[in-house]
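A.B. asks: I have a structure here, written as structure tokens, and I will follow up with some questions on it.
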Amino acid sequence: MSDYRTDAIHANQHERPFDMTTDATVDTPRARCPIDDEVGATFHQWLGDRSVYWSDGRDAWIVTGYAESARILEESDTFWRDIPQRDGASEFWGRHLLMMEGRDHRKMHAVHMQLTGEKFAENIRARARQLARDLAARLVKQGRAELAADYVDTIVFMIGCDFLGFDVNDQSLMDVMLAQMKIRAKWKEALHAGSGIPLNSKIAQDGQAALAKMASVLMPIILKRRDNPRDDLLSAIWKKGPSVYADWNERDVLSTIWSSFDNETKPLSRGLMYTLCRDQPLQARLRGNPSIVPGFVEEGLRFLTPFRTIRRTVKKDVEIGGQKMRAGDGIYVITPLANRDEQKWACPYAFDAEREQTATHLAFGYGPGYCVGRYVGRVEAEEIVGAILAETSNFRLDPAAAVKPEWAGEMYHSVTPIHAILQK
Amino acid sequence: MTYVVTETCVDCVHRSCVKECPVDCIYEGARSLYIQPEECINCGACVPVCPEEAIYFEEDLPESSLPHLNDNEDFFTQTLPGRSEPLGSPGGAAPVGRLGVDTPMVASIPHRAATLCTEAGE
């Protein structure tokens with residue numbers, strides 16, 4: 001464990017080693033959270049001797065410093081996504097926000113924020129709470145549950161379906177979608193990793209088949225909303241879309257709604273569930289004082305940073321962090337490390353649910369690509385946490401579980417399975 | 001590159017954008033708000049929440065609003081009336097509070113009745 005304490009790491013002014021043997025990095029009066037070292041160990045492989053360094057293995061620049069990360073995410077003229085150039089990207093995303101840049105991106109970004117900003121998020125809160133409470137209550141009756149799949153993944157999907165305007169009581173639709181979204185998620189991860197994955201690979205072919213199956217059940221409803229709008233997000237997307245593309249169509253609506261089903265809230269909420277299982281005193285404090293749940297979620301975003309590798313390509317030669325990057329170079333922005341800048345947060349390697357967030361963390365990105373789902377994501381996570389706290393007197397990891405929780409994922413990083421015992 | 005507050009903010013000043021800005025870079029004068037160009041991270045979060053549709057990315061500014069690009073910058077780089085030095089880049093608008101003074105260009109814009117502003121939240 002002391003391997004983390006290398007000279008190279010010490011030389012990095014932005015990073016502090018994970019001290020696995022002492023409490024040196026934690027000098028707050030609160031007891032340290034049991035997940036501090038465990039989560040730290042999940043990204044130690046990204047630490048280098050500087051806050052910007054070249055990785056031969058990745059064939060790309062690795063950026064771990066806050067200031068450099070923020071600059072890269074902010075200066076879209078110099079650094080931008082390479083997603084549109086990847087094999088299968090248009091088949092996967094269609095005319096999605098992630099495929100755009102410049103003025104089109106700004107217009108679409110603004111439309112997203114108009115549709116799913118703070119007001120929208122607060123409007124869905126009560127319904128999200130009800131759905132989460134219902135599901136949590138059902139799981140508590142069983143006494144045991146795998147909280148990642150049975151609770152978090154399911155409820156995020158249900159809330160998204162509900163606010164879009166799909167019927168969450170339509171079990172056949174839910175079954176198709178839940179199964180196929182998992183296949184799509186594998187393609188998504190592979191599409192983002194390295195330089196992507198060929199469209200003729202098995203993962204991409206399976207992903208395309210999954211998209212087709214989901215389109216077959218979703219498209220009739222999407223078209224219904226075009227002809228008979230209701231008070232739901234699907235109808236609003238139909239209404240707003242033509243301000244970006246005059247020929248806005250049902251494929252564009254479909255491309256726009258994927259992120260309501262599968263998003264950062266899942267890995268975040270998995271991590272939050274796991275944290276509560278591991279830190280029983282924290283669980284008790286939150287249950288006793290629900291007003292601190294939003295702060296717990298915000299610290300989860302900073303500390304867990306589930307969207308942990310943001311990819312960019314250099315568009316024109318530039319110098320940053322003392323390094324000269326050339327046009328065409330790839331970049332990995334390592335957001336969990338940027339979120340541990342000691343100039344921005346006190347004791348950044350400690351999970352402190354009651355801390356004041358003294359800087360803008362990069363869990364939702366930064367700059368022109370700043371996450372358009374951040375308000376919805378926060379509300380969903382708060383209600384997911386609040387519901388299970390309200391429906392239980394205690395929940396904890398099941399010591400008899402055959403498969404132990406494991407952290408994984410390079411783009412969306414999370415922990416699974418979370419087999420837990422739930423007490424009413 | 002930066003986002004820019006334009007003339008339709010003047011005398012309305014809903015401040016929705018101030019709350020939305022993740023880096024607190026939108027400062028308040030007397031009759032208008034101003035975006036600090038060095039502090040703006042170009043995220044565009046301020047644009048859709050402005051009821052007056054007063055905020056544009058600099059490349060998207062209507063021709064009639066182009067003077068506001070330099071004027072927003074002047075708010076921070078020029079010494080404003082009644083002040084001893086330029087505001088500069090304070091690193092956050094909240095601690096600065098309402099300055100109560102505008103650039104000469106904004107100050108010269110004819111006053112607008114509050115009834116001509118869009119209701120916040122509409």
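Identifiers in the structure tokens: chain A, B, ... in order shown; residue index from 1 per chain; ligand index from 1 in order shown.
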If we count only C-alpha atoms and set the cut-off at 12 Å, which residues sit around segment 398-409 of chain A, ignoring sequence neighbours fewer than 5 positions away in its own chain? Please answer as a PyMOL selection string.

C.D. replies: chain A and resi 35+38-43+143-148+185-186+188-190+192-193+267-268+270-271+273-275+277-278+304-309+414-423

A.B. asks: With a distance threshold of 6 Å and counting only C-alpha atoms, extract the residues of chain A near chain B and express them as a PDB file with N, CA and C atoms, in the first residue's frame.

C.D. replies:
ATOM      1  N   GLU A  74     -12.794  24.332 -20.625  1.00  0.00           N
ATOM      2  CA  GLU A  74     -13.361  25.652 -20.918  1.00  0.00           C
ATOM      3  C   GLU A  74     -13.046  26.116 -22.335  1.00  0.00           C
ATOM      4  N   ALA A 110     -28.440  25.109 -24.743  1.00  0.00           N
ATOM      5  CA  ALA A 110     -29.418  26.022 -24.145  1.00  0.00           C
ATOM      6  C   ALA A 110     -30.817  25.399 -24.146  1.00  0.00           C
ATOM      7  N   GLN A 114     -33.136  24.744 -20.944  1.00  0.00           N
ATOM      8  CA  GLN A 114     -34.508  25.257 -20.854  1.00  0.00           C
ATOM      9  C   GLN A 114     -35.473  24.129 -20.497  1.00  0.00           C
ATOM     10  N   GLY A 367     -17.221  24.369 -18.312  1.00  0.00           N
ATOM     11  CA  GLY A 367     -17.183  25.048 -19.606  1.00  0.00           C
ATOM     12  C   GLY A 367     -18.360  24.705 -20.502  1.00  0.00           C
ATOM     13  N   PRO A 368     -18.177  24.791 -21.818  1.00  0.00           N
ATOM     14  CA  PRO A 368     -19.302  24.609 -22.744  1.00  0.00           C
ATOM     15  C   PRO A 368     -19.978  23.244 -22.645  1.00  0.00           C
ATOM     16  N   TYR A 370     -20.640  21.703 -19.869  1.00  0.00           N
ATOM     17  CA  TYR A 370     -21.178  21.554 -18.503  1.00  0.00           C
ATOM     18  C   TYR A 370     -22.496  20.782 -18.564  1.00  0.00           C
TER      19      TYR A 370
END

A.B. asks: Leaving out segment 107-120 of chain B and any residue of its chain fewer than 2 positions from it, which residues lie within 10 Å of it when counting only C-alpha atoms, given as a list in words?

C.D. replies: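 The residues satisfying every condition are Glu7, Thr8, Cys9, Val10, Asp11, Cys12, Val13, His14, Arg15, Ser16, Gly29, Ala30, Arg31, Ser32, Val49, Cys50, Pro51, Glu52, Glu53, Val101, Asp102, Thr103, Pro104, Met105 and Glu122 of chain B.
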
A.B. asks: Considering only C-alpha atoms, can you say which of A:Ile334, A:Ile155, A:Ala284, A:Leu164 comes closest to Asp232 of chain A?

C.D. replies: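 Looking only at the distances to Asp232 of chain A, the closest residue turns out to be A:Leu164.
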
A.B. asks: Please, what distance in Å, to one decimal, runs between atom CA of Arg340 of chain A and atom CA of Tyr375 of chain A?

C.D. replies: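 These two atoms are separated by 22.7 Å.
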
A.B. asks: List the neighbours of Asp74 of chain B out to 12 Å using only C-alpha atoms; skip same-chain residues closer than 2 positions along the sequence, and give me the result as a PDB file with N, CA and C atoms, in the first residue's frame.

C.D. replies:
ATOM      1  N   VAL B   4     -21.827  37.592 -22.880  1.00  0.00           N
ATOM      2  CA  VAL B   4     -21.941  39.042 -22.744  1.00  0.00           C
ATOM      3  C   VAL B   4     -23.381  39.406 -22.364  1.00  0.00           C
ATOM      4  N   TYR B  34     -23.083  42.530 -15.459  1.00  0.00           N
ATOM      5  CA  TYR B  34     -21.913  42.476 -16.340  1.00  0.00           C
ATOM      6  C   TYR B  34     -21.186  41.153 -16.114  1.00  0.00           C
ATOM      7  N   ILE B  35     -20.752  40.516 -17.191  1.00  0.00           N
ATOM      8  CA  ILE B  35     -20.004  39.259 -17.069  1.00  0.00           C
ATOM      9  C   ILE B  35     -18.506  39.551 -17.124  1.00  0.00           C
ATOM     10  N   GLN B  36     -17.792  39.053 -16.122  1.00  0.00           N
ATOM     11  CA  GLN B  36     -16.342  39.236 -16.075  1.00  0.00           C
ATOM     12  C   GLN B  36     -15.729  38.274 -17.112  1.00  0.00           C
ATOM     13  N   PRO B  37     -15.175  38.786 -18.212  1.00  0.00           N
ATOM     14  CA  PRO B  37     -14.748  37.893 -19.304  1.00  0.00           C
ATOM     15  C   PRO B  37     -13.628  36.934 -18.923  1.00  0.00           C
ATOM     16  N   PRO B  67     -21.435  46.553 -29.189  1.00  0.00           N
ATOM     17  CA  PRO B  67     -20.715  47.421 -28.239  1.00  0.00           C
ATOM     18  C   PRO B  67     -20.671  46.871 -26.816  1.00  0.00           C
ATOM     19  N   HIS B  68     -21.603  45.994 -26.476  1.00  0.00           N
ATOM     20  CA  HIS B  68     -21.613  45.457 -25.106  1.00  0.00           C
ATOM     21  C   HIS B  68     -20.456  44.500 -24.845  1.00  0.00           C
ATOM     22  N   LEU B  69     -19.864  43.965 -25.899  1.00  0.00           N
ATOM     23  CA  LEU B  69     -18.715  43.079 -25.704  1.00  0.00           C
ATOM     24  C   LEU B  69     -17.596  43.844 -24.992  1.00  0.00           C
ATOM     25  N   ASN B  70     -17.220  44.988 -25.559  1.00  0.00           N
ATOM     26  CA  ASN B  70     -16.176  45.795 -24.906  1.00  0.00           C
ATOM     27  C   ASN B  70     -16.685  46.432 -23.621  1.00  0.00           C
ATOM     28  N   ASP B  71     -17.981  46.768 -23.616  1.00  0.00           N
ATOM     29  CA  ASP B  71     -18.517  47.462 -22.448  1.00  0.00           C
ATOM     30  C   ASP B  71     -18.524  46.563 -21.208  1.00  0.00           C
ATOM     31  N   ASN B  72     -18.854  45.264 -21.402  1.00  0.00           N
ATOM     32  CA  ASN B  72     -18.775  44.330 -20.259  1.00  0.00           C
ATOM     33  C   ASN B  72     -17.354  44.292 -19.716  1.00  0.00           C
ATOM     34  N   PHE B  76     -14.894  46.104 -15.797  1.00  0.00           N
ATOM     35  CA  PHE B  76     -13.870  45.529 -14.910  1.00  0.00           C
ATOM     36  C   PHE B  76     -12.491  46.148 -15.109  1.00  0.00           C
ATOM     37  N   THR B  77     -12.240  46.666 -16.302  1.00  0.00           N
ATOM     38  CA  THR B  77     -10.875  47.154 -16.585  1.00  0.00           C
ATOM     39  C   THR B  77     -10.750  48.671 -16.479  1.00  0.00           C
ATOM     40  N   GLN B  78     -11.882  49.386 -16.523  1.00  0.00           N
ATOM     41  CA  GLN B  78     -11.836  50.843 -16.419  1.00  0.00           C
ATOM     42  C   GLN B  78     -12.235  51.268 -14.988  1.00  0.00           C
ATOM     43  N   THR B  79     -11.740  52.414 -14.590  1.00  0.00           N
ATOM     44  CA  THR B  79     -12.144  52.941 -13.282  1.00  0.00           C
ATOM     45  C   THR B  79     -13.531  53.570 -13.423  1.00  0.00           C
ATOM     46  N   LEU B  80     -14.491  52.997 -12.732  1.00  0.00           N
ATOM     47  CA  LEU B  80     -15.876  53.456 -12.846  1.00  0.00           C
ATOM     48  C   LEU B  80     -16.083  54.737 -12.036  1.00  0.00           C
ATOM     49  N   PRO B  86      -9.897  50.208 -11.061  1.00  0.00           N
ATOM     50  CA  PRO B  86     -10.747  49.226 -11.745  1.00  0.00           C
ATOM     51  C   PRO B  86     -11.082  48.050 -10.832  1.00  0.00           C
ATOM     52  N   LEU B  87     -12.234  47.457 -11.092  1.00  0.00           N
ATOM     53  CA  LEU B  87     -12.669  46.315 -10.272  1.00  0.00           C
ATOM     54  C   LEU B  87     -11.761  45.106 -10.494  1.00  0.00           C
ATOM     55  N   GLY B  88     -11.304  44.941 -11.734  1.00  0.00           N
ATOM     56  CA  GLY B  88     -10.408  43.823 -12.041  1.00  0.00           C
ATOM     57  C   GLY B  88     -11.124  42.492 -12.026  1.00  0.00           C
ATOM     58  N   SER B  89     -10.443  41.478 -11.506  1.00  0.00           N
ATOM     59  CA  SER B  89     -11.014  40.128 -11.463  1.00  0.00           C
ATOM     60  C   SER B  89     -11.071  39.669 -10.012  1.00  0.00           C
ATOM     61  N   ASP B 102     -22.572  52.082 -13.032  1.00  0.00           N
ATOM     62  CA  ASP B 102     -22.501  51.432 -14.340  1.00  0.00           C
ATOM     63  C   ASP B 102     -21.389  52.031 -15.182  1.00  0.00           C
ATOM     64  N   THR B 103     -21.138  51.392 -16.296  1.00  0.00           N
ATOM     65  CA  THR B 103     -20.237  51.985 -17.279  1.00  0.00           C
ATOM     66  C   THR B 103     -20.924  53.209 -17.874  1.00  0.00           C
ATOM     67  N   PRO B 104     -20.159  54.155 -18.383  1.00  0.00           N
ATOM     68  CA  PRO B 104     -20.786  55.333 -19.010  1.00  0.00           C
ATOM     69  C   PRO B 104     -21.760  54.951 -20.128  1.00  0.00           C
ATOM     70  N   MET B 105     -21.445  53.894 -20.874  1.00  0.00           N
ATOM     71  CA  MET B 105     -22.327  53.509 -21.979  1.00  0.00           C
ATOM     72  C   MET B 105     -23.691  53.042 -21.465  1.00  0.00           C
ATOM     73  N   VAL B 106     -23.692  52.192 -20.461  1.00  0.00           N
ATOM     74  CA  VAL B 106     -24.967  51.711 -19.901  1.00  0.00           C
ATOM     75  C   VAL B 106     -25.698  52.860 -19.202  1.00  0.00           C
TER      76      VAL B 106
END

A.B. asks: Please give the complete set of residues from chain B that DSSP, run on the backbone, assigns to helix (DSSP H, G or I), formatted as an NGL selection string.

C.D. replies: :B and (7-9 or 16-20 or 58-60 or 63-65 or 67-77 or 104-107 or 114-116)

A.B. asks: In Å, how far is it from atom CA of Val372 of chain A to atom CA of Ala236 of chain A?

C.D. replies: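 Atom CA of Ala236 of chain A lies 15.5 Å from atom CA of Val372 of chain A.
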
A.B. asks: Need the shell around Met177 of chain A: protein/DNA/RNA residues with any atom at most 12 Å away, counting only C-alpha atoms. Skip same-chain ones fewer than 2 positions apart. Format as a VMD selection string?

C.D. replies: chain A and resid 153 to 154 157 to 158 160 to 161 166 168 170 to 175 179 to 185 210 to 218 258 261 to 262

A.B. asks: Have a look at A:Leu234, A:Arg396, A:Thr256, A:Ile197 and name the one nearest to Leu98 of chain A; count only C-alpha atoms.

C.D. replies: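 Among the listed residues, the smallest separation from Leu98 of chain A belongs to A:Thr256.
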
A.B. asks: For Arg285 of chain A, find every residue with an atom within 12 Å (counting only C-alpha atoms), except residues of its own chain fewer than 5 positions away, and show them as a ChimeraX atom specification.

C.D. replies: /A:276,279-280,290-293,296,353-354,389,393-394

A.B. asks: Store the residues picked out above, limited to N, CA and C atoms, as a PDB file, in the first residue's frame.

C.D. replies:
ATOM      1  N   LEU A 276     -22.994   4.603   2.398  1.00  0.00           N
ATOM      2  CA  LEU A 276     -23.878   4.526   3.569  1.00  0.00           C
ATOM      3  C   LEU A 276     -23.816   3.148   4.224  1.00  0.00           C
ATOM      4  N   ASP A 279     -20.464   3.273   6.120  1.00  0.00           N
ATOM      5  CA  ASP A 279     -20.309   4.288   7.174  1.00  0.00           C
ATOM      6  C   ASP A 279     -21.625   4.406   7.948  1.00  0.00           C
ATOM      7  N   GLN A 280     -21.791   3.533   8.930  1.00  0.00           N
ATOM      8  CA  GLN A 280     -23.042   3.496   9.679  1.00  0.00           C
ATOM      9  C   GLN A 280     -23.304   4.771  10.487  1.00  0.00           C
ATOM     10  N   PRO A 290     -32.433  14.755   7.571  1.00  0.00           N
ATOM     11  CA  PRO A 290     -32.482  14.692   6.098  1.00  0.00           C
ATOM     12  C   PRO A 290     -32.045  15.985   5.409  1.00  0.00           C
ATOM     13  N   SER A 291     -32.005  17.085   6.137  1.00  0.00           N
ATOM     14  CA  SER A 291     -31.618  18.343   5.491  1.00  0.00           C
ATOM     15  C   SER A 291     -30.158  18.329   5.043  1.00  0.00           C
ATOM     16  N   ILE A 292     -29.370  17.375   5.547  1.00  0.00           N
ATOM     17  CA  ILE A 292     -27.974  17.332   5.116  1.00  0.00           C
ATOM     18  C   ILE A 292     -27.745  16.362   3.949  1.00  0.00           C
ATOM     19  N   VAL A 293     -28.840  15.758   3.462  1.00  0.00           N
ATOM     20  CA  VAL A 293     -28.695  14.845   2.320  1.00  0.00           C
ATOM     21  C   VAL A 293     -28.141  15.563   1.074  1.00  0.00           C
ATOM     22  N   PHE A 296     -24.500  15.724   1.311  1.00  0.00           N
ATOM     23  CA  PHE A 296     -23.923  14.378   1.140  1.00  0.00           C
ATOM     24  C   PHE A 296     -23.808  14.041  -0.349  1.00  0.00           C
ATOM     25  N   ALA A 353     -19.175  14.457   4.359  1.00  0.00           N
ATOM     26  CA  ALA A 353     -20.527  14.742   3.870  1.00  0.00           C
ATOM     27  C   ALA A 353     -21.029  16.101   4.321  1.00  0.00           C
ATOM     28  N   GLU A 354     -20.452  16.629   5.385  1.00  0.00           N
ATOM     29  CA  GLU A 354     -20.936  17.903   5.912  1.00  0.00           C
ATOM     30  C   GLU A 354     -19.997  19.057   5.567  1.00  0.00           C
ATOM     31  N   LEU A 389     -33.337   5.877   3.197  1.00  0.00           N
ATOM     32  CA  LEU A 389     -33.160   6.234   4.611  1.00  0.00           C
ATOM     33  C   LEU A 389     -34.505   6.256   5.327  1.00  0.00           C
ATOM     34  N   SER A 393     -34.633   1.379   8.993  1.00  0.00           N
ATOM     35  CA  SER A 393     -34.014   1.856  10.232  1.00  0.00           C
ATOM     36  C   SER A 393     -32.507   1.655  10.137  1.00  0.00           C
ATOM     37  N   ASN A 394     -32.128   0.795   9.212  1.00  0.00           N
ATOM     38  CA  ASN A 394     -30.711   0.517   8.990  1.00  0.00           C
ATOM     39  C   ASN A 394     -30.566  -0.326   7.730  1.00  0.00           C
TER      40      ASN A 394
END

A.B. asks: So that I can check the surroundings of segment 311-316 of chain A, please list as a PyMOL selection string every protein, DNA and RNA residue that reaches within 8 Å of it, counting only C-alpha atoms and ignoring chain neighbours fewer than 6 positions away.

C.D. replies: chain A and resi 72+77-82+325-333

A.B. asks: Would you save the residues of that selection, restricted to C-alpha atoms, as a CSV table (one decimal), in the first residue's frame?

C.D. replies:
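Saved the output as again_22.csv:
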chain,number,residue,atom,x,y,z
A,72,ILE,CA,-9.1,22.3,-21.2
A,77,ASP,CA,-11.7,26.3,-29.5
A,78,THR,CA,-8.5,24.5,-28.6
A,79,PHE,CA,-9.8,21.3,-27.0
A,80,TRP,CA,-13.0,19.5,-27.9
A,81,ARG,CA,-14.5,16.0,-28.1
A,82,ASP,CA,-13.5,13.6,-30.8
A,325,MET,CA,0.5,19.7,-27.0
A,326,ARG,CA,0.1,19.3,-30.7
A,327,ALA,CA,-3.1,19.4,-32.8
A,328,GLY,CA,-4.5,15.9,-32.9
A,329,ASP,CA,-3.2,14.8,-29.5
A,330,GLY,CA,-5.6,13.0,-27.3
A,331,ILE,CA,-6.3,14.0,-23.7
A,332,TYR,CA,-7.7,12.2,-20.6
A,333,VAL,CA,-8.9,14.7,-18.0
